[in-house]
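One file, coords_8.json, carrying JSON, C-alpha atoms:
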```json
[["chain", "number", "residue", "atom", "x", "y", "z"],
["Z", 1, "MET", "CA", 87.00, -125.92, -43.24],
["Z", 2, "ASN", "CA", 84.59, -125.41, -46.14],
["Z", 3, "LEU", "CA", 81.70, -126.59, -43.98],
["Z", 4, "ILE", "CA", 82.44, -124.00, -41.31],
["Z", 5, "THR", "CA", 82.77, -121.26, -43.92],
["Z", 6, "THR", "CA", 79.43, -122.23, -45.44],
["Z", 7, "PHE", "CA", 77.66, -122.09, -42.06],
["Z", 8, "LEU", "CA", 79.21, -118.72, -41.24],
["Z", 9, "LEU", "CA", 78.14, -117.29, -44.60],
["Z", 10, "MET", "CA", 74.60, -118.58, -44.13],
["Z", 11, "ILE", "CA", 74.36, -117.04, -40.69],
["Z", 12, "LEU", "CA", 75.93, -113.70, -41.60],
["Z", 13, "THR", "CA", 74.08, -113.20, -44.88],
["Z", 14, "GLY", "CA", 70.79, -114.88, -44.01],
["Z", 15, "HIS", "CA", 67.69, -112.80, -43.61],
["Z", 16, "SER", "CA", 64.66, -114.12, -41.87],
["Z", 17, "THR", "CA", 61.39, -112.80, -40.63],
["Z", 18, "SER", "CA", 59.25, -114.37, -38.00],
["Z", 19, "GLU", "CA", 55.61, -113.59, -37.53],
["Z", 20, "TYR", "CA", 53.46, -115.10, -34.84],
["Z", 21, "LEU", "CA", 49.77, -114.59, -35.55],
["Z", 22, "GLN", "CA", 47.21, -115.25, -32.88],
["Z", 23, "LYS", "CA", 43.82, -116.13, -34.37],
["Z", 24, "LEU", "CA", 40.26, -116.28, -33.18],
["Z", 25, "VAL", "CA", 37.57, -117.90, -35.33],
["Z", 26, "CYS", "CA", 34.14, -116.35, -34.86],
["Z", 27, "SER", "CA", 31.60, -118.78, -36.28],
["Z", 28, "TYR", "CA", 28.15, -117.39, -37.06],
["Z", 29, "GLU", "CA", 26.83, -120.05, -39.45],
["Z", 30, "ASN", "CA", 24.16, -121.40, -37.07],
["Z", 31, "LYS", "CA", 23.38, -118.07, -35.40],
["Z", 32, "ASN", "CA", 20.29, -116.06, -36.31],
["Z", 33, "ILE", "CA", 22.29, -112.92, -37.01],
["Z", 34, "SER", "CA", 22.11, -110.67, -40.04],
["Z", 35, "LEU", "CA", 25.33, -110.71, -42.07],
["Z", 36, "ASN", "CA", 25.10, -106.93, -42.39],
["Z", 37, "ARG", "CA", 25.53, -106.38, -38.66],
["Z", 38, "PRO", "CA", 28.80, -104.73, -37.58],
["Z", 39, "ARG", "CA", 31.45, -107.12, -36.30],
["Z", 40, "VAL", "CA", 33.08, -106.51, -32.93],
["Z", 41, "TRP", "CA", 36.63, -107.00, -31.64],
["Z", 42, "CYS", "CA", 37.20, -106.05, -28.02],
["Z", 43, "LYS", "CA", 39.11, -106.82, -24.83],
["Z", 44, "LYS", "CA", 37.17, -108.10, -21.82],
["Z", 45, "ASP", "CA", 37.02, -105.61, -18.97],
["Z", 46, "ALA", "CA", 38.94, -106.84, -15.91],
["Z", 47, "GLN", "CA", 36.38, -105.32, -13.53],
["Z", 48, "ASP", "CA", 33.15, -106.32, -15.30],
["Z", 49, "GLU", "CA", 33.19, -109.62, -17.20],
["Z", 50, "ASN", "CA", 30.11, -108.58, -19.20],
["Z", 51, "CYS", "CA", 31.80, -105.50, -20.70],
["Z", 52, "CYS", "CA", 34.62, -105.04, -23.16],
["Z", 53, "THR", "CA", 36.62, -102.24, -24.77],
["Z", 54, "GLY", "CA", 37.28, -102.27, -28.48],
["Z", 55, "PHE", "CA", 35.67, -101.36, -31.75],
["Z", 56, "SER", "CA", 33.12, -102.43, -34.30],
["Z", 57, "PHE", "CA", 33.67, -102.69, -38.05],
["Z", 58, "GLN", "CA", 31.72, -103.59, -41.16],
["Z", 59, "ARG", "CA", 31.90, -106.89, -43.03],
["Z", 60, "ASP", "CA", 34.00, -105.48, -45.89],
["Z", 61, "VAL", "CA", 36.79, -104.27, -43.56],
["Z", 62, "ASN", "CA", 39.90, -106.49, -43.78],
["Z", 63, "ASN", "CA", 42.57, -104.56, -41.86],
["Z", 64, "LEU", "CA", 42.32, -102.81, -38.50],
["Z", 65, "GLU", "CA", 44.71, -100.83, -36.30],
["Z", 66, "GLN", "CA", 47.23, -99.96, -39.03],
["Z", 67, "GLY", "CA", 47.48, -103.57, -40.23],
["Z", 68, "ASN", "CA", 48.02, -105.14, -36.79],
["Z", 69, "ILE", "CA", 44.70, -106.95, -37.07],
["Z", 70, "ALA", "CA", 43.49, -108.77, -40.19],
["Z", 71, "VAL", "CA", 39.95, -110.03, -40.69],
["Z", 72, "GLU", "CA", 38.83, -112.73, -43.12],
["Z", 73, "ASP", "CA", 35.21, -113.70, -43.69],
["Z", 74, "ASP", "CA", 34.16, -116.88, -45.51],
["Z", 75, "GLY", "CA", 30.40, -116.53, -45.10],
["Z", 76, "LYS", "CA", 30.22, -118.98, -42.19],
["Z", 77, "SER", "CA", 32.66, -117.31, -39.84],
["Z", 78, "PHE", "CA", 35.09, -114.47, -39.64],
["Z", 79, "THR", "CA", 38.64, -114.95, -38.41],
["Z", 80, "VAL", "CA", 40.56, -112.26, -36.56],
["Z", 81, "SER", "CA", 44.36, -112.57, -36.91],
["Z", 82, "VAL", "CA", 46.40, -110.42, -34.53],
["Z", 83, "LYS", "CA", 50.06, -109.41, -34.96],
["Z", 84, "THR", "CA", 50.26, -106.90, -32.09],
["Z", 85, "LEU", "CA", 47.81, -106.08, -29.33],
["Z", 86, "THR", "CA", 47.48, -102.36, -28.71],
["Z", 87, "GLN", "CA", 45.36, -102.94, -25.58],
["Z", 88, "GLY", "CA", 47.76, -105.50, -24.07],
["Z", 89, "ASP", "CA", 47.34, -109.06, -22.81],
["Z", 90, "GLY", "CA", 43.93, -110.35, -21.88],
["Z", 91, "PHE", "CA", 40.76, -112.09, -22.99],
["Z", 92, "TYR", "CA", 39.42, -110.82, -26.30],
["Z", 93, "TRP", "CA", 35.98, -111.27, -27.80],
["Z", 94, "CYS", "CA", 34.68, -111.32, -31.32],
["Z", 95, "GLY", "CA", 31.05, -111.04, -32.22],
["Z", 96, "PHE", "CA", 28.27, -108.93, -33.71],
["Z", 97, "MET", "CA", 26.60, -105.77, -32.53],
["Z", 98, "THR", "CA", 22.81, -105.64, -32.48],
["Z", 99, "GLU", "CA", 20.68, -102.60, -33.31],
["Z", 100, "ASP", "CA", 20.43, -101.96, -29.55],
["Z", 101, "LYS", "CA", 24.26, -101.76, -29.33],
["Z", 102, "VAL", "CA", 24.41, -105.09, -27.50],
["Z", 103, "ILE", "CA", 27.35, -107.35, -28.34],
["Z", 104, "VAL", "CA", 26.53, -110.93, -29.25],
["Z", 105, "LYS", "CA", 29.72, -112.75, -28.32],
["Z", 106, "LEU", "CA", 30.66, -115.53, -30.74],
["Z", 107, "ALA", "CA", 34.04, -116.52, -29.33],
["Z", 108, "GLU", "CA", 36.71, -115.47, -26.85],
["Z", 109, "ASP", "CA", 40.32, -116.40, -26.17],
["Z", 110, "TYR", "CA", 43.35, -115.19, -24.26],
["Z", 111, "PHE", "CA", 45.81, -113.16, -26.34],
["Z", 112, "THR", "CA", 49.28, -112.06, -25.33],
["Z", 113, "ASN", "CA", 52.05, -109.78, -26.60],
["Z", 114, "THR", "CA", 54.74, -112.25, -25.55],
["Z", 115, "PRO", "CA", 57.65, -111.82, -27.93],
["Z", 116, "PHE", "CA", 57.50, -115.44, -29.08],
["Z", 117, "ASN", "CA", 58.70, -114.54, -32.56],
["Z", 118, "PHE", "CA", 61.79, -112.77, -31.22],
["Z", 119, "VAL", "CA", 62.76, -115.68, -28.97],
["Z", 120, "TRP", "CA", 62.19, -118.19, -31.77],
["Z", 121, "SER", "CA", 64.19, -116.13, -34.30],
["Z", 122, "ILE", "CA", 67.26, -116.37, -32.03],
["Z", 123, "LEU", "CA", 66.67, -119.91, -30.79],
["Z", 124, "ARG", "CA", 66.38, -121.40, -34.27],
["Z", 125, "TRP", "CA", 69.82, -120.05, -35.25],
["Z", 126, "ILE", "CA", 71.34, -121.54, -32.09],
["Z", 127, "LEU", "CA", 69.72, -124.88, -32.90],
["Z", 128, "PHE", "CA", 70.82, -124.56, -36.53],
["Z", 129, "ILE", "CA", 74.43, -124.30, -35.36],
["Z", 130, "LEU", "CA", 74.20, -126.92, -32.60],
["Z", 131, "LEU", "CA", 72.71, -129.60, -34.83],
["Z", 132, "PRO", "CA", 75.68, -129.99, -37.22],
["Z", 133, "VAL", "CA", 78.17, -129.54, -34.35],
["Z", 134, "THR", "CA", 76.44, -132.36, -32.46],
["Z", 135, "ILE", "CA", 76.39, -134.61, -35.51],
["Z", 136, "ILE", "CA", 80.06, -133.99, -36.30],
["Z", 137, "SER", "CA", 81.10, -134.47, -32.66],
["Z", 138, "THR", "CA", 79.14, -137.71, -32.41],
["Z", 139, "HIS", "CA", 80.70, -138.96, -35.63],
["Z", 140, "ILE", "CA", 84.24, -138.13, -34.42],
["Z", 141, "TYR", "CA", 83.62, -139.71, -31.01],
["Z", 142, "SER", "CA", 82.13, -142.81, -32.61],
["Z", 143, "ASN", "CA", 85.12, -143.22, -34.95],
["Z", 144, "ARG", "CA", 87.59, -142.81, -32.06],
["Z", 145, "LYS", "CA", 85.77, -145.34, -29.91],
["Z", 146, "HIS", "CA", 85.69, -147.90, -32.71],
["Z", 147, "GLY", "CA", 89.32, -147.10, -33.56],
["Z", 148, "ASP", "CA", 90.42, -147.89, -29.98],
["Z", 149, "THR", "CA", 88.78, -151.32, -30.00],
["Z", 150, "LYS", "CA", 90.34, -152.51, -33.26],
["Z", 151, "THR", "CA", 93.10, -155.07, -32.93],
["Z", 152, "THR", "CA", 95.89, -155.69, -35.40]]
```
Represent the structure of the file as structure tokens.
Amino acid sequence: MNLITTFLLMILTGHSTSEYLQKLVCSYENKNISLNRPRVWCKKDAQDENCCTGFSFQRDVNNLEQGNIAVEDDGKSFTVSVKTLTQGDGFYWCGFMTEDKVIVKLAEDYFTNTPFNFVWSILRWILFILLPVTIISTHIYSNRKHGDTKTT
């Protein structure tokens, strides 16, 4: 009985947060690009694969779109970490912008707004409950089976 009470208290009083960050590493170490060039984050245009919609930002900028996008730069690459996509699912680019307003693409990847964190936050509690129930049930079944085969 105490075990059940403990599990119920953990579930009812537990607080958890789940954050699923999608990341894109934009390496520029071996590129002949000035470090002072504006960085670019944009979504590939579905109609024209050579175009994208997004924004440029300076090297010292760390947060974009009200904190939904974080940027870290280590001098060899900059990493874009995305919490929420305001432009929706699709292929996103990171790169530099030249003086002629041409984007030099460094990397691209597919990003999605799939609510992975929401699904996982529910699924882990279900698994958390099922694991001890399975162990206890297996233990009880095992003891019964061995109890039936004993002879006096």
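Note that the spacing between atom CA of Ser27 of chain Z and atom CA of Gln87 of chain Z amounts to 23.6 Å.
The gap separating atom CA of Gly54 of chain Z from atom CA of Thr98 of chain Z is 15.4 Å, in Å to one decimal.
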Checklist line | Test item: residues at most 6 Å from Thr79 of chain Z, all atoms listed in the file, excluding those fewer than 4 positions along its chain, as a count of residues only | finding: 5
Check: Interatomic distance between atom CA of Asn63 of chain Z and atom CA of Phe91 of chain Z?
Finding: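 Interatomic distance, atom CA of Asn63 of chain Z to atom CA of Phe91 of chain Z: 20.4 Å.
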